[in-house]
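**Q** Handing you this structure, nothing more for now.
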Amino acid sequence: MAEAADFQGTSPSPARRWLRRGGALLAGAPLLAGLLQLPLSTPSQAAEKASAATAAGSSGPVDVNLDSLSPSAPTDGDTITVSGSVTNTGKQTVTDAHVGIRVGPSPLNTRTAIDTVARRTGFQPGLDPLEVGGKYVVKVTRLDAGSSQRFSISVPAKDLDLGSAGVYPLGVSLTGRTASQQWDQVLGIERTFLPWQPEAAETKTRTTYLWPLVSTVHLTAETGSDAQQTPVFKNDDLAEEISPGGRLDQLLSLGSQLDVTWVLDPDLLASVDAMRGGYRIQQENGTTVAGKNQAVANAWLDKLEKTVQGQSVVALPFADPDLASLAHHGKDVTGSLSHLKDATDMAVRTVDTIVHVKPSTEFAWPADGAVDPSIIKVATSAGADKVIARSDSLRETGGLSYTPSAARPIGGGTTAVVADERLSTAFQGDMLKADDSTLAVQKFLAQSLMINLQESKNERSIVVAPQRTPTASQAQSMAEGLRALQQGNWSQSQGLTEAAKAKPDPGATTTVPPTSSYPSALRHRELPRSAFERIQATQAKLDKFRMILTEESRVVTPFGLAIDRGMSASWRGRPAEAADFRQGVETYLDGLMGLVHLIQKSDAKLSGRSATIPVTVQNNLVQGVGHLVLRLTSQQPTRLKIGDAPYDEQRIQVAGEHSQSVKFTTSTKANGPVQVVAQLYTEDGQPYGDPVPFEVKVTEITSTVMLVIGGGVLLLVLAGFRMYTQRKRAAARQAEEDAENSPETGGGSKDAEGTVDTDSTEDSEAGPERASEPESGADDPEQPSDPSPDTAPENADPSGTGERVDR
């Protein structure tokens, strides 16, 4: 962004003009000394001669490390102490050396000037200030190649003759001699800045510092089958982060001592909370082992809850979804944006439930604050109306000579809260070394003070949005810089909500950059379209699965959260790990769905015109399932019908860890094999699970069987006819005998002997068939006009065998 002192035509201060002239004169000193063989008058001038004789910007053979500068922002009455070490990285021994402090006679006047000084390497006469000298030096008699020596120099602020408030360049250098160059020369220098604001500023900058508690994805979709649904973690890395001395433990401890706006990922809170009640850890062989850090999780969450009470708290959508990836690759995949809304709703419930604070969810934070129109649209689609951008994305184009306030309207009721890029990236480097940390802190303070010293006298609100997941050493440096800032005289803390409500600067940029300007380095780290397609495929399976469950929350909740985790911004730069995670979620869901299935059937044989076919549904889940339909379909209904159609279906409900068999009625029409398919469906008609095909061999009634049956029937008919004719003959003979014995005809002997003897003999000769028939009923006299009976009269005795078959 443009600044007043960066404009063309701005004149340097008198002191700077003096330094430039002095540098030009000193640049010629070695030549004059060589020609006239005159010694330089002062040690400082001798040092300038050495640097002029070498190429400008060379690093020198001595490495100067500045491990601490205290206080970081001194005021009147303070004593400034610089400590560090010098290391001879060359091949020659350094002798007759000393370490001294250099402080510029006048402050820098732009933010760009700070950047320029920070980029310099090697001693540059005329640009680097003169040494304070005097008693404020540390002697280094001898420094052998490869050796180091510590130093510490203390200087009262009043002895530096600092003038008005401002950012003064400060250097720590080693001046000495080598065997090849036997004169005093600057052999190494380290530059930093001394923010000088001895009295409280008339108008202080309102500074908002975001303090993120964000981690990577740790929980899987897998849970135990017990009532508590014991969670399963990918590893135990989260326990290391929240343990004493861990990254998240340090962030929490350091932040609790500062006035910051807490930015929480609800997934982190949910993951630590899941550890409290017992958890398990995945192993490489697919098994799980019990986790042992429940006490650590309890302590960390208890400390967090106490810390954030009454503080400014912002909650990201659950699992911190990658807004830029959604905008560039996911929004065209049906259903992807719905996950963002669900994640936002889940954020409030999670934070409120675990730490009992109602967070703000009106802020969206794209990766590195990079925005374009599509990102803004996606970021606000879930209800957020404020987007945290960064000044290197939403650049100033209006020619402002100062850094404007963070808030500015960008249309559609949306406010862009533009974080300052220089302040936000101040601690992104390697802060493991004390020297790197000290330089970062001093530059951070210098840039902050310069903002306050810019020509605008209006109160401004500045936002600092550091990296999402700072390391422990970065967090320590951040805390050191912010602590010094909050103790300084030019800044006062402010929450993010207040910063977003601040009055925008009229000339500040409000135009969102085009999509084509989105940094390619960030685009290459985004989730691809295939990731969102995989997520939606998993969601579709989950929607189908939930329809059949009697306790859907046991499955829908862990899988829904796992799907959200698959969209996390923490996967940036880790495409293989992200793909493995998403595949793992889908594979585990497939496994659960497969526990409800049809049992495979072997081929069946059917004889006759009708039969039943049993099909069994197995449920190996611990909960019952329902709302399922089992359909049995004949592929050749002309041979085999299921029910009254080519297929039949029945509703299914199976208790947990049980099976159920269902019988289908079939009818056959022709012989031969028929393919039959059993398939489960959800109530809305979606196939569930794999179909189970099997073959049914239909065996209809054969001609041989028909001949046998026909022959048997014919024999029965013939037997009946014979019996009938025999009865007719017997009845006729009886009628003739009755007629002969009748008085009218005079038949038979009238003496008792002959008649009786004759009749007895004939009756006995009639045979067993006759004897087995019922008597003719002599007590009821027949009428001559009655016809002879075709069958024997009925009586109460059981029917004979011949009569049953006949009937």
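For the structure tokens, the naming scheme is as follows: chains receive sequential letters (A, B, ...) according to their order of presentation, residues are indexed from 1 within each chain, and ligands are indexed from 1 in presentation order.
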DSSP on the backbone: which residues in segment 570-722 of chain A end up as strand (DSSP E)? Give the answer as a JSON list (two decimals) with N, CA and C atoms, in the first residue's frame.
**A**
```json
[["chain", "number", "residue", "atom", "x", "y", "z"],
["A", 596, "VAL", "N", -26.01, -55.56, 6.94],
["A", 596, "VAL", "CA", -27.41, -55.88, 6.64],
["A", 596, "VAL", "C", -27.45, -56.40, 5.21],
["A", 597, "HIS", "N", -27.69, -57.69, 5.05],
["A", 597, "HIS", "CA", -27.55, -58.28, 3.72],
["A", 597, "HIS", "C", -28.41, -59.53, 3.59],
["A", 598, "LEU", "N", -28.56, -59.96, 2.35],
["A", 598, "LEU", "CA", -29.23, -61.21, 2.06],
["A", 598, "LEU", "C", -28.23, -62.35, 2.12],
["A", 604, "ALA", "N", -32.18, -74.11, -6.43],
["A", 604, "ALA", "CA", -33.31, -74.83, -5.85],
["A", 604, "ALA", "C", -34.01, -75.65, -6.92],
["A", 605, "LYS", "N", -34.76, -76.69, -6.49],
["A", 605, "LYS", "CA", -35.56, -77.52, -7.38],
["A", 605, "LYS", "C", -37.00, -77.48, -6.94],
["A", 606, "LEU", "N", -37.92, -77.29, -7.89],
["A", 606, "LEU", "CA", -39.34, -77.24, -7.60],
["A", 606, "LEU", "C", -40.03, -78.33, -8.42],
["A", 607, "SER", "N", -40.86, -79.17, -7.78],
["A", 607, "SER", "CA", -41.67, -80.18, -8.46],
["A", 607, "SER", "C", -43.13, -79.86, -8.22],
["A", 610, "SER", "N", -46.90, -75.69, -7.81],
["A", 610, "SER", "CA", -46.74, -74.59, -6.86],
["A", 610, "SER", "C", -45.80, -75.02, -5.75],
["A", 611, "ALA", "N", -45.13, -73.98, -5.18],
["A", 611, "ALA", "CA", -44.19, -74.22, -4.09],
["A", 611, "ALA", "C", -43.84, -72.89, -3.44],
["A", 612, "THR", "N", -43.06, -72.90, -2.35],
["A", 612, "THR", "CA", -42.60, -71.67, -1.70],
["A", 612, "THR", "C", -41.08, -71.63, -1.73],
["A", 613, "ILE", "N", -40.53, -70.40, -1.85],
["A", 613, "ILE", "CA", -39.08, -70.19, -1.85],
["A", 613, "ILE", "C", -38.73, -69.32, -0.66],
["A", 614, "PRO", "N", -37.90, -69.77, 0.29],
["A", 614, "PRO", "CA", -37.51, -68.94, 1.43],
["A", 614, "PRO", "C", -36.27, -68.10, 1.09],
["A", 615, "VAL", "N", -36.24, -66.83, 1.58],
["A", 615, "VAL", "CA", -35.09, -65.94, 1.45],
["A", 615, "VAL", "C", -34.81, -65.37, 2.84],
["A", 616, "THR", "N", -33.52, -65.31, 3.23],
["A", 616, "THR", "CA", -33.15, -64.89, 4.59],
["A", 616, "THR", "C", -32.39, -63.58, 4.57],
["A", 617, "VAL", "N", -32.80, -62.65, 5.45],
["A", 617, "VAL", "CA", -32.13, -61.37, 5.64],
["A", 617, "VAL", "C", -31.35, -61.42, 6.95],
["A", 618, "GLN", "N", -30.05, -61.11, 6.88],
["A", 618, "GLN", "CA", -29.19, -61.13, 8.07],
["A", 618, "GLN", "C", -28.88, -59.71, 8.51],
["A", 619, "ASN", "N", -29.04, -59.40, 9.80],
["A", 619, "ASN", "CA", -28.69, -58.09, 10.37],
["A", 619, "ASN", "C", -27.66, -58.31, 11.46],
["A", 625, "VAL", "N", -33.13, -52.93, 12.22],
["A", 625, "VAL", "CA", -33.34, -52.23, 10.95],
["A", 625, "VAL", "C", -34.76, -52.47, 10.50],
["A", 626, "GLY", "N", -35.27, -51.53, 9.74],
["A", 626, "GLY", "CA", -36.62, -51.61, 9.20],
["A", 626, "GLY", "C", -36.73, -50.77, 7.95],
["A", 627, "HIS", "N", -37.97, -50.53, 7.52],
["A", 627, "HIS", "CA", -38.21, -49.71, 6.33],
["A", 627, "HIS", "C", -37.48, -50.29, 5.11],
["A", 628, "LEU", "N", -37.37, -51.62, 5.10],
["A", 628, "LEU", "CA", -36.76, -52.31, 3.97],
["A", 628, "LEU", "C", -37.82, -53.14, 3.26],
["A", 629, "VAL", "N", -37.64, -53.33, 1.97],
["A", 629, "VAL", "CA", -38.53, -54.15, 1.16],
["A", 629, "VAL", "C", -37.67, -55.22, 0.48],
["A", 630, "LEU", "N", -38.10, -56.48, 0.61],
["A", 630, "LEU", "CA", -37.41, -57.58, -0.06],
["A", 630, "LEU", "C", -38.21, -57.97, -1.29],
["A", 631, "ARG", "N", -37.58, -57.91, -2.42],
["A", 631, "ARG", "CA", -38.25, -58.23, -3.69],
["A", 631, "ARG", "C", -37.61, -59.47, -4.30],
["A", 632, "LEU", "N", -38.46, -60.43, -4.70],
["A", 632, "LEU", "CA", -38.01, -61.63, -5.40],
["A", 632, "LEU", "C", -38.57, -61.59, -6.81],
["A", 633, "THR", "N", -37.69, -61.65, -7.79],
["A", 633, "THR", "CA", -38.07, -61.45, -9.19],
["A", 633, "THR", "C", -37.69, -62.66, -10.02],
["A", 634, "SER", "N", -38.65, -63.16, -10.83],
["A", 634, "SER", "CA", -38.38, -64.23, -11.79],
["A", 634, "SER", "C", -37.95, -63.61, -13.11],
["A", 640, "LEU", "N", -41.97, -69.45, -14.46],
["A", 640, "LEU", "CA", -42.11, -69.39, -13.01],
["A", 640, "LEU", "C", -42.61, -68.00, -12.62],
["A", 641, "LYS", "N", -43.72, -67.97, -11.92],
["A", 641, "LYS", "CA", -44.25, -66.72, -11.41],
["A", 641, "LYS", "C", -44.02, -66.66, -9.91],
["A", 642, "ILE", "N", -43.69, -65.43, -9.45],
["A", 642, "ILE", "CA", -43.55, -65.18, -8.00],
["A", 642, "ILE", "C", -44.82, -64.48, -7.58],
["A", 647, "TYR", "N", -42.72, -60.69, -10.12],
["A", 647, "TYR", "CA", -42.01, -60.51, -8.85],
["A", 647, "TYR", "C", -43.02, -60.29, -7.74],
["A", 648, "ASP", "N", -42.54, -60.48, -6.53],
["A", 648, "ASP", "CA", -43.33, -60.20, -5.34],
["A", 648, "ASP", "C", -42.40, -59.56, -4.32],
["A", 649, "GLU", "N", -42.93, -58.77, -3.40],
["A", 649, "GLU", "CA", -42.10, -58.11, -2.39],
["A", 649, "GLU", "C", -42.80, -58.09, -1.05],
["A", 650, "GLN", "N", -41.99, -58.05, -0.01],
["A", 650, "GLN", "CA", -42.51, -58.04, 1.35],
["A", 650, "GLN", "C", -41.67, -57.07, 2.19],
["A", 651, "ARG", "N", -42.29, -56.40, 3.13],
["A", 651, "ARG", "CA", -41.59, -55.48, 4.03],
["A", 651, "ARG", "C", -40.79, -56.28, 5.06],
["A", 652, "ILE", "N", -39.62, -55.70, 5.42],
["A", 652, "ILE", "CA", -38.69, -56.41, 6.30],
["A", 652, "ILE", "C", -38.40, -55.57, 7.53],
["A", 653, "GLN", "N", -38.35, -56.21, 8.67],
["A", 653, "GLN", "CA", -37.89, -55.59, 9.91],
["A", 653, "GLN", "C", -37.15, -56.66, 10.71],
["A", 654, "VAL", "N", -35.87, -56.37, 11.01],
["A", 654, "VAL", "CA", -35.04, -57.39, 11.66],
["A", 654, "VAL", "C", -34.39, -56.77, 12.89],
["A", 658, "HIS", "N", -29.80, -60.35, 14.50],
["A", 658, "HIS", "CA", -30.74, -61.42, 14.19],
["A", 658, "HIS", "C", -30.89, -61.56, 12.69],
["A", 659, "SER", "N", -31.59, -62.63, 12.29],
["A", 659, "SER", "CA", -31.92, -62.84, 10.89],
["A", 659, "SER", "C", -33.41, -63.13, 10.77],
["A", 660, "GLN", "N", -33.94, -62.98, 9.57],
["A", 660, "GLN", "CA", -35.35, -63.22, 9.33],
["A", 660, "GLN", "C", -35.51, -63.87, 7.97],
["A", 661, "SER", "N", -36.28, -64.97, 7.93],
["A", 661, "SER", "CA", -36.56, -65.66, 6.68],
["A", 661, "SER", "C", -37.95, -65.30, 6.20],
["A", 662, "VAL", "N", -38.08, -65.08, 4.91],
["A", 662, "VAL", "CA", -39.34, -64.70, 4.28],
["A", 662, "VAL", "C", -39.64, -65.71, 3.18],
["A", 663, "LYS", "N", -40.90, -66.21, 3.11],
["A", 663, "LYS", "CA", -41.29, -67.19, 2.11],
["A", 663, "LYS", "C", -42.13, -66.54, 1.01],
["A", 664, "PHE", "N", -41.79, -66.88, -0.23],
["A", 664, "PHE", "CA", -42.52, -66.37, -1.39],
["A", 664, "PHE", "C", -43.21, -67.55, -2.09],
["A", 665, "THR", "N", -44.51, -67.38, -2.42],
["A", 665, "THR", "CA", -45.27, -68.41, -3.13],
["A", 665, "THR", "C", -44.99, -68.33, -4.62],
["A", 666, "THR", "N", -44.76, -69.49, -5.24],
["A", 666, "THR", "CA", -44.47, -69.52, -6.67],
["A", 666, "THR", "C", -45.42, -70.48, -7.37],
["A", 667, "SER", "N", -45.58, -70.29, -8.67],
["A", 667, "SER", "CA", -46.37, -71.20, -9.51],
["A", 667, "SER", "C", -45.60, -71.46, -10.78],
["A", 668, "THR", "N", -45.63, -72.75, -11.24],
["A", 668, "THR", "CA", -44.87, -73.15, -12.42],
["A", 668, "THR", "C", -45.79, -73.40, -13.60],
["A", 672, "GLY", "N", -37.83, -76.59, -16.73],
["A", 672, "GLY", "CA", -36.58, -75.95, -17.11],
["A", 672, "GLY", "C", -36.04, -75.03, -16.02],
["A", 673, "PRO", "N", -34.76, -74.58, -16.17],
["A", 673, "PRO", "CA", -34.15, -73.67, -15.18],
["A", 673, "PRO", "C", -34.66, -72.24, -15.36],
["A", 674, "VAL", "N", -34.82, -71.54, -14.23],
["A", 674, "VAL", "CA", -35.27, -70.15, -14.22],
["A", 674, "VAL", "C", -34.36, -69.35, -13.30],
["A", 675, "GLN", "N", -33.85, -68.21, -13.78],
["A", 675, "GLN", "CA", -33.04, -67.32, -12.95],
["A", 675, "GLN", "C", -33.96, -66.47, -12.08],
["A", 676, "VAL", "N", -33.67, -66.46, -10.79],
["A", 676, "VAL", "CA", -34.44, -65.68, -9.82],
["A", 676, "VAL", "C", -33.48, -64.75, -9.09],
["A", 677, "VAL", "N", -33.89, -63.51, -8.84],
["A", 677, "VAL", "CA", -33.04, -62.52, -8.17],
["A", 677, "VAL", "C", -33.76, -61.99, -6.93],
["A", 678, "ALA", "N", -33.06, -62.05, -5.79],
["A", 678, "ALA", "CA", -33.54, -61.44, -4.55],
["A", 678, "ALA", "C", -32.78, -60.12, -4.34],
["A", 679, "GLN", "N", -33.49, -59.06, -4.00],
["A", 679, "GLN", "CA", -32.87, -57.74, -3.83],
["A", 679, "GLN", "C", -33.60, -56.97, -2.73],
["A", 680, "LEU", "N", -32.80, -56.36, -1.85],
["A", 680, "LEU", "CA", -33.37, -55.46, -0.84],
["A", 680, "LEU", "C", -33.50, -54.06, -1.42],
["A", 681, "TYR", "N", -34.55, -53.34, -1.01],
["A", 681, "TYR", "CA", -34.77, -51.96, -1.42],
["A", 681, "TYR", "C", -35.16, -51.14, -0.20],
["A", 682, "THR", "N", -34.81, -49.85, -0.24],
["A", 682, "THR", "CA", -35.33, -48.93, 0.76],
["A", 682, "THR", "C", -36.76, -48.58, 0.38],
["A", 687, "PRO", "N", -32.13, -49.46, -4.49],
["A", 687, "PRO", "CA", -31.56, -50.78, -4.17],
["A", 687, "PRO", "C", -30.63, -50.67, -2.96],
["A", 688, "TYR", "N", -30.71, -51.65, -2.09],
["A", 688, "TYR", "CA", -29.85, -51.68, -0.91],
["A", 688, "TYR", "C", -29.05, -52.97, -0.94],
["A", 689, "GLY", "N", -27.74, -52.82, -0.98],
["A", 689, "GLY", "CA", -26.88, -53.99, -1.00],
["A", 689, "GLY", "C", -26.84, -54.66, -2.36],
["A", 690, "ASP", "N", -26.12, -55.74, -2.43],
["A", 690, "ASP", "CA", -25.96, -56.48, -3.68],
["A", 690, "ASP", "C", -27.13, -57.43, -3.88],
["A", 691, "PRO", "N", -27.55, -57.63, -5.12],
["A", 691, "PRO", "CA", -28.59, -58.63, -5.39],
["A", 691, "PRO", "C", -28.05, -60.03, -5.19],
["A", 692, "VAL", "N", -28.95, -60.97, -4.91],
["A", 692, "VAL", "CA", -28.58, -62.37, -4.74],
["A", 692, "VAL", "C", -29.29, -63.18, -5.83],
["A", 693, "PRO", "N", -28.59, -63.54, -6.89],
["A", 693, "PRO", "CA", -29.21, -64.36, -7.93],
["A", 693, "PRO", "C", -29.06, -65.86, -7.61],
["A", 694, "PHE", "N", -30.02, -66.65, -8.03],
["A", 694, "PHE", "CA", -29.92, -68.10, -7.91],
["A", 694, "PHE", "C", -30.83, -68.74, -8.96],
["A", 695, "GLU", "N", -30.65, -70.03, -9.18],
["A", 695, "GLU", "CA", -31.39, -70.74, -10.23],
["A", 695, "GLU", "C", -32.40, -71.67, -9.60],
["A", 696, "VAL", "N", -33.59, -71.68, -10.17],
["A", 696, "VAL", "CA", -34.64, -72.59, -9.75],
["A", 696, "VAL", "C", -34.92, -73.54, -10.91],
["A", 697, "LYS", "N", -34.78, -74.85, -10.66],
["A", 697, "LYS", "CA", -35.06, -75.85, -11.69],
["A", 697, "LYS", "C", -36.49, -76.34, -11.50],
["A", 698, "VAL", "N", -37.33, -76.05, -12.49],
["A", 698, "VAL", "CA", -38.75, -76.41, -12.43],
["A", 698, "VAL", "C", -38.94, -77.78, -13.06],
["A", 699, "THR", "N", -39.53, -78.77, -12.33],
["A", 699, "THR", "CA", -39.83, -80.11, -12.84],
["A", 699, "THR", "C", -41.34, -80.28, -12.84]]
```
**Q** For segment 355-459 of chain A against segment 257-279 of chain A, with a cut-off of 12 Å and counting only C-alpha atoms, what is the closest atom pair and its distance in Å to one decimal for every residue that makes the cut, ordered by chain and number, as CSV?
**A**
```
residue,atom,partner,partner_atom,distance
A:Val355,CA,A:Leu269,CA,8.5
A:His356,CA,A:Leu269,CA,11.7
A:Val357,CA,A:Leu264,CA,11.3
A:Lys358,CA,A:Leu264,CA,11.7
A:Pro359,CA,A:Leu264,CA,8.8
A:Ser360,CA,A:Val263,CA,9.5
A:Thr361,CA,A:Val263,CA,10.1
A:Phe363,CA,A:Val263,CA,10.0
A:Ala364,CA,A:Val263,CA,10.8
A:Trp365,CA,A:Val263,CA,10.0
A:Ile388,CA,A:Val263,CA,11.8
```
**Q** What does the file look like for those residues with C-alpha atoms, as a compact mmCIF listing (two decimals), in the first residue's frame?
**A**
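In the end it all went to selection.txt:
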```txt
# COMPACT_ATOMS: atom_id res chain seq x y z
CA VAL A 355 -16.85 -24.60 27.04
CA HIS A 356 -20.19 -22.90 27.78
CA VAL A 357 -19.57 -19.82 25.67
CA LYS A 358 -21.75 -18.61 22.82
CA PRO A 359 -19.30 -17.82 20.02
CA SER A 360 -19.72 -15.54 17.06
CA THR A 361 -20.18 -17.37 13.74
CA PHE A 363 -16.95 -14.42 10.39
CA ALA A 364 -15.58 -16.55 7.55
CA TRP A 365 -11.82 -16.99 7.23
CA ILE A 388 -11.51 -12.05 7.07
```
**Q** Which one of A:Ser391, A:Gln536, A:Ser516, A:Ser448 sits closest to Gly488 of chain A if you count only C-alpha atoms?
**A** A:Ser448
**Q** Given only C-alpha atoms as the basis, pick out the residue of A:Gln623, A:Thr350, A:Thr515, A:Ser437 nearest to Ser553 of chain A.
**A**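 Smallest separation from Ser553 of chain A among the options: A:Gln623.
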**Q** I want to know what sits within 6 Å of Asp385 of chain A, based on only C-alpha atoms, with residues of the same chain fewer than 3 positions away left out; could you give that as a PDB file with N, CA and C atoms, in the first residue's frame?
**A**
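The result, stored in selection17.pdb:
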```pdb
ATOM      1  N   GLU A 362     -20.319 -15.174  12.690  1.00  0.00           N
ATOM      2  CA  GLU A 362     -20.574 -14.272  11.578  1.00  0.00           C
ATOM      3  C   GLU A 362     -19.332 -14.017  10.737  1.00  0.00           C
ATOM      4  N   THR A 380     -20.200 -16.554   2.438  1.00  0.00           N
ATOM      5  CA  THR A 380     -21.400 -15.954   3.021  1.00  0.00           C
ATOM      6  C   THR A 380     -22.646 -16.809   2.815  1.00  0.00           C
ATOM      7  N   THR A 414     -22.100  -7.390   2.873  1.00  0.00           N
ATOM      8  CA  THR A 414     -20.937  -8.109   3.381  1.00  0.00           C
ATOM      9  C   THR A 414     -19.811  -7.138   3.711  1.00  0.00           C
TER      10      THR A 414
END
```
**Q** What does the distance between atom CA of Gln600 of chain A and atom CA of Ala655 of chain A come to in Å, to one decimal place?
**A**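 Separating atom CA of Gln600 of chain A from atom CA of Ala655 of chain A is a distance of 19.6 Å.
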**Q** Report as a list in words all protein, DNA and RNA residues lying within 8 Å of Thr207 of chain A, evaluated on only C-alpha atoms, omitting residues in the same chain fewer than 4 positions from it.
**A** Ser461, Ile462, Val463, Val464, Ser491, Gln492, Ser493 and Gln494 of chain A
